[in-house]
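Chemist: Pasting a structure here, questions to come.
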Amino acid sequence: MGTTVDDSCATQLIDGDGVFNLTGLDNFIKTSNMANTGLSYAVVAIMGPQSSGKSTLMNHLFHTSFREMDAFRGRSQTTKGIWIAKCTGIEPCTIAMDLEGTDGRERGEDDTAFEKQSALFALAVSDIVLINMWCHDIGREQAANKPLLKTVFQVMMRLFSPRKTTLLFVIRDKTKTPLENLEPILREDIQKIWDGVPKPQAHLHTPLSEFFNVEVTALSSYEDKEEKFKEEVAQLRQRFYHSIAPGGLAGDRRGVVPASAFSLSAQHIWKVIRENKDLDLPAHKVMVATVRCEEIAYEKLSQLRSDKGWLELEEAVQSGPVQGFGEKLSSIIDTYLSLYDEETIYFDDSVRNAKRKQLESNALDTVYPAYSTMIGHLRSKALDDFKTKLDQSLNNGEGFASSVRTWTQSIMLEFEKGSADASVRQANWGSSKVRDKLRRDIDSHALSVRNAKLSEITTNFEKQLAKALVAPVESLFEEGGKDTWLSIRKLLKSETEAAVSEFSAHVAGFELEEETVEKMQQSLRDYARKLVENKAREEAGKVLIRMKDRFSTVFNHDNDSLPRVWTGKEDIRAITRDARSASMKLLSDMAAIRLDEKPDQIERVLDLSLVNKTSAATSSQYTDREASVDPLASSTWEEVSPGDVLISPVQCKSLWRQFQGETEYTITQAIAAQEAYKRNNNWLPPAWTIMAMAIFGFNEFMMLLKNPLLILGIFVAYLLGKAIWVQMDVGGEFRHGALPGILSISSKVVPTIMNLLKRLAEEAQGNPAPERTEQHHSDSQIFRNEVSKPDSVSSSISNTGLSSVASSDGDGEFSTTNLSQRQRTNVSEAESL
């Protein structure tokens, strides 16, 4: 076994032991450039008896270099196994195959297995088979060619499909008998042999011509007529030019394997033959096509995966969309599919097409991640563009629904263009799923923005309503007017309807369904109502403080809202009743929510039960049953739903009791102030004292009448005492208490007397200095002080009362005992004045 540099050198394909030389065959195909010939090649084999000059004929006919027998060394086996060589100077590429001779003594008479195997191998791979035979064997029953032909025909039956092989009978060492006479005899012998060969049922009546094209030629003796032999061989050589063309020696051959798969095919055929199996050529052809097409497809797929253009495209698409992505990728795939088609064009069509689809599928699987990334970039970019454009439109004041429609249509159209640019011709991927996902993402974002905008608008209007309702409602509750809830209802209705109307204008651009808008409007109305209800509940928690403030305001201020001065003329009982009624009105307003304009009896029940208990008890409207039942001994109000109750009747009763306890001190202070004012402004002694003085002082009075000088002295003393009294403001000094008044007067007596004497002396000297005018003003000022001091006392007492009310608001409840004790203390202090 071996190869040479020269193409014509022979290579042993199968050795004498039947071992297939795969490495040698691959090297032969490579060096002979056979793999690139496709179907444009022919295989010519030669059979014949041993030492019949087969190798010599092949060497002269095809210019090969098969080993020839050395005639001087005797007739022995020269060719062992099967050898191949490339024919020189013949087109198309022709491969010569030299088989081991039959009837060789080296293998023995009974060892015909290798002969049959090699013959079957030659028939399976060759297009033309030369049958080398001696001229003198024609017509002889025991001729040497008879066993050979039987072998050929028998093994031919093991081919499931005939290849239409050309059998070229070469008659060696022809005699003077013309070929025209020899050929019929030879054909008759061949037909007899064919008819006598056992056939399978499928080919029982199949003619010889279905399997073989029989050709006959004759050559002169190489030893005796060498020149003539060479001349005839040269003529025969001409028949092998374009042998596979129509009309050529092998023009109607079948089941040819492409040259690139010849090595694989030959190896598989020999393996099947050696295993003594029948050779199914169609199945073999499919097998060879399958293996080779798979190899070629894998090779092209590997080349595609390492293609520079593909790798650059794959890398570029990772960072963002690539312009012309689909066309570039389709071109790369087309390149390798075309290369596959070129290399598999001669293989079985069904196998080739199937493997091409598989290659295309694998190639698409390879590039699909990049395509998916590209489509993902387009989707992301489209979604980002939609978000940006929508925000810009909304910031410019455009309507939400119209903006969404406009930009959705524009962005989807842009995505369609991008996906069309990224589409791969070989694939039917489409971008419908990604487009649907993009549409869902756009709709989802639009819905999210819509909800956010609507929520923002709703929040703004809720804040607007809170600003318009909370403070005014609180003010109305604090004011506690006659129609508090009527005013609140009017305020709620006007502000709510104004907000709802403005809200409807703001959401018009969203093109919401009418039902949805109505729900949102109702939600806004409910929110406004809830604000008022919550504020009412909040104010109900501060009702006691509000009641005390209201009581203090009404009790301590007159109708002109001026601070009240307790001079003794005021009717404290009536004022107290009015103040309590005002506080009770505030309590009734806070007892329940009245936003539905339903009538109730809360104010009447509270008035009769808390303020006017005596009149209620004697009223003819009250029956015995009503008088015996406490209307406040309940947890609910009649005609008021439980959800609208803020302060239950029982809680109202408890609050009123606490309210009365915390306002009694204010009333006591007012009473004490009145009594103190009366005492401070009453200088006359009691009437019985005056009567006693008149009775018991009658003698003294008569004495004064009888002594005018005494009366004059008394009058002068009175004037002097009056002047000292006014000058020293005795009344004012004692207003702060007896002890402080005595101490203050004692320190002023001497200076005052000295001042009076000095003035008298100056007037006696006729020098009425400005002091007289000043004295006049001083006297007038003293008089005014005397007149205003009682009011000051009253004001002081009133302020004391107000201070006591303020302190009572913060100090909580006072017991009745403490209040009585304070009243007695205040009365005693007023008496001391």
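Naming scheme: A, B, ... for chains in displayed order of the structure tokens; residues 1 onward per chain; ligands 1 onward as shown.
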Would you pick out the contacts of Lys285 in chain A at 8 Å or less, using only C-alpha atoms, so that residues sharing its chain but fewer than 6 positions from it are not included, and give the list as a PyMOL selection string?

Modeler: chain A and resi 255+257+265+348

Chemist: Once you have the residues from the selection above, write them out as a PDB file, in the first residue's frame, restricted to N, CA, C and O atoms.

Modeler:
ATOM      1  N   GLY A 255     -27.086   5.858 -10.583  1.00  0.00           N
ATOM      2  CA  GLY A 255     -26.679   5.823  -9.174  1.00  0.00           C
ATOM      3  C   GLY A 255     -25.249   6.229  -8.928  1.00  0.00           C
ATOM      4  O   GLY A 255     -24.548   5.611  -8.106  1.00  0.00           O
ATOM      5  N   VAL A 257     -22.226   8.189  -7.406  1.00  0.00           N
ATOM      6  CA  VAL A 257     -21.954   8.891  -6.155  1.00  0.00           C
ATOM      7  C   VAL A 257     -21.020  10.055  -6.460  1.00  0.00           C
ATOM      8  O   VAL A 257     -20.044   9.889  -7.194  1.00  0.00           O
ATOM      9  N   SER A 265     -18.328   6.105   0.155  1.00  0.00           N
ATOM     10  CA  SER A 265     -19.143   5.101  -0.516  1.00  0.00           C
ATOM     11  C   SER A 265     -18.384   3.796  -0.701  1.00  0.00           C
ATOM     12  O   SER A 265     -18.905   2.713  -0.422  1.00  0.00           O
ATOM     13  N   ASP A 348     -28.242  12.866  -3.590  1.00  0.00           N
ATOM     14  CA  ASP A 348     -29.671  12.599  -3.694  1.00  0.00           C
ATOM     15  C   ASP A 348     -30.472  13.844  -3.297  1.00  0.00           C
ATOM     16  O   ASP A 348     -30.225  14.466  -2.264  1.00  0.00           O
TER      17      ASP A 348
END

Chemist: Please produce, as CSV, a per-residue contact table for range 387-459 of chain A versus range 524-541 of chain A (criterion: any atom at most 12 Å away, only C-alpha atoms considered), showing the nearest atom pair and its distance in Å to one decimal, sorted by chain then residue number.

Modeler:
residue,atom,partner,partner_atom,distance
A:Ser455,CA,A:Leu524,CA,11.6
A:Ile457,CA,A:Leu524,CA,10.9
A:Thr458,CA,A:Leu524,CA,7.6
A:Thr459,CA,A:Leu524,CA,9.7

Chemist: Quick one: pull the distance between CA of Gly18 in chain A and CA of His63 in chain A, Å, one decimal.

Modeler: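 Between CA of Gly18 in chain A and CA of His63 in chain A the gap is 26.4 Å.
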
Chemist: Calculated over only C-alpha atoms, which of the candidates A:Leu359, A:Leu99, A:Glu570, A:Thr56 has the smallest distance to Asp334 in chain A?

Modeler: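 Closest to Asp334 in chain A of all the choices is A:Leu359.
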
Chemist: Select, from A:Val640, A:Leu512, A:Ile128, A:Ala422, the residue with the minimum atom-to-atom distance to Asp252 in chain A, counting only C-alpha atoms.

Modeler: A:Ile128

Chemist: Set the distance at 12 Å and use only C-alpha atoms: which residues neighbour Gly24 in chain A once local chain neighbours fewer than 5 positions away are removed? I'd like the list as a list in words.

Modeler: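 Listing them by chain and then by number gives Met1, Gly2, Thr3, Thr4, Ala10, Thr11, Gln12, Leu13, Ile14, Asp15, Val19, Ile29, Lys30, Thr31, Ser32, Trp83, Ile84, Ala85, Ser263 and Gln267 of chain A.
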
Chemist: Just want the 7 Å neighbourhood of range 652-660 of chain A, counted on only C-alpha atoms, with same-chain residues fewer than 5 positions away dropped. Output as a ChimeraX atom specification.

Modeler: /A:544,548,632,647,813

Chemist: Could you give me the residues within range 167-311 of chain A that DSSP places in alpha helix (DSSP H), as a ChimeraX atom specification?

Modeler: /A:179-196,226-238,262-274,281-305,308-311

Chemist: For Asp137 in chain A, which of A:Val125, A:Pro49, A:His506, A:Thr64 is the closest residue, counting only C-alpha atoms?

Modeler: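 So, comparing all the options, the nearest one is A:Pro49.
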
Chemist: Show me, as a PyMOL selection string, the residues that have an atom within 12 Å of Lys493 in chain A when counting only C-alpha atoms, minus same-chain residues fewer than 3 positions from it.

Modeler: chain A and resi 465+468-469+485-490+496-501+524-526+528-529+532+595-596

Chemist: I'd like the neighbourhood of Phe386 in chain A as a list in words, where a residue qualifies if any of its atoms comes within 9 Å (using only C-alpha atoms), though same-chain residues fewer than 3 positions away should be ignored.

Modeler: Lys381, Ala382, Leu383, Lys389, Leu390, Asp391, Val404, Trp407, Thr408, Ser410, Ile411 and Ile442 of chain A

Chemist: My list of candidates is A:Ile269, A:Leu608, A:Ile46, A:Ala245. Which is closest to Val152 in chain A when distances are computed with only C-alpha atoms?

Modeler: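 Comparing A:Ile269, A:Leu608, A:Ile46, A:Ala245 against Val152 in chain A, the winner is A:Ile46.
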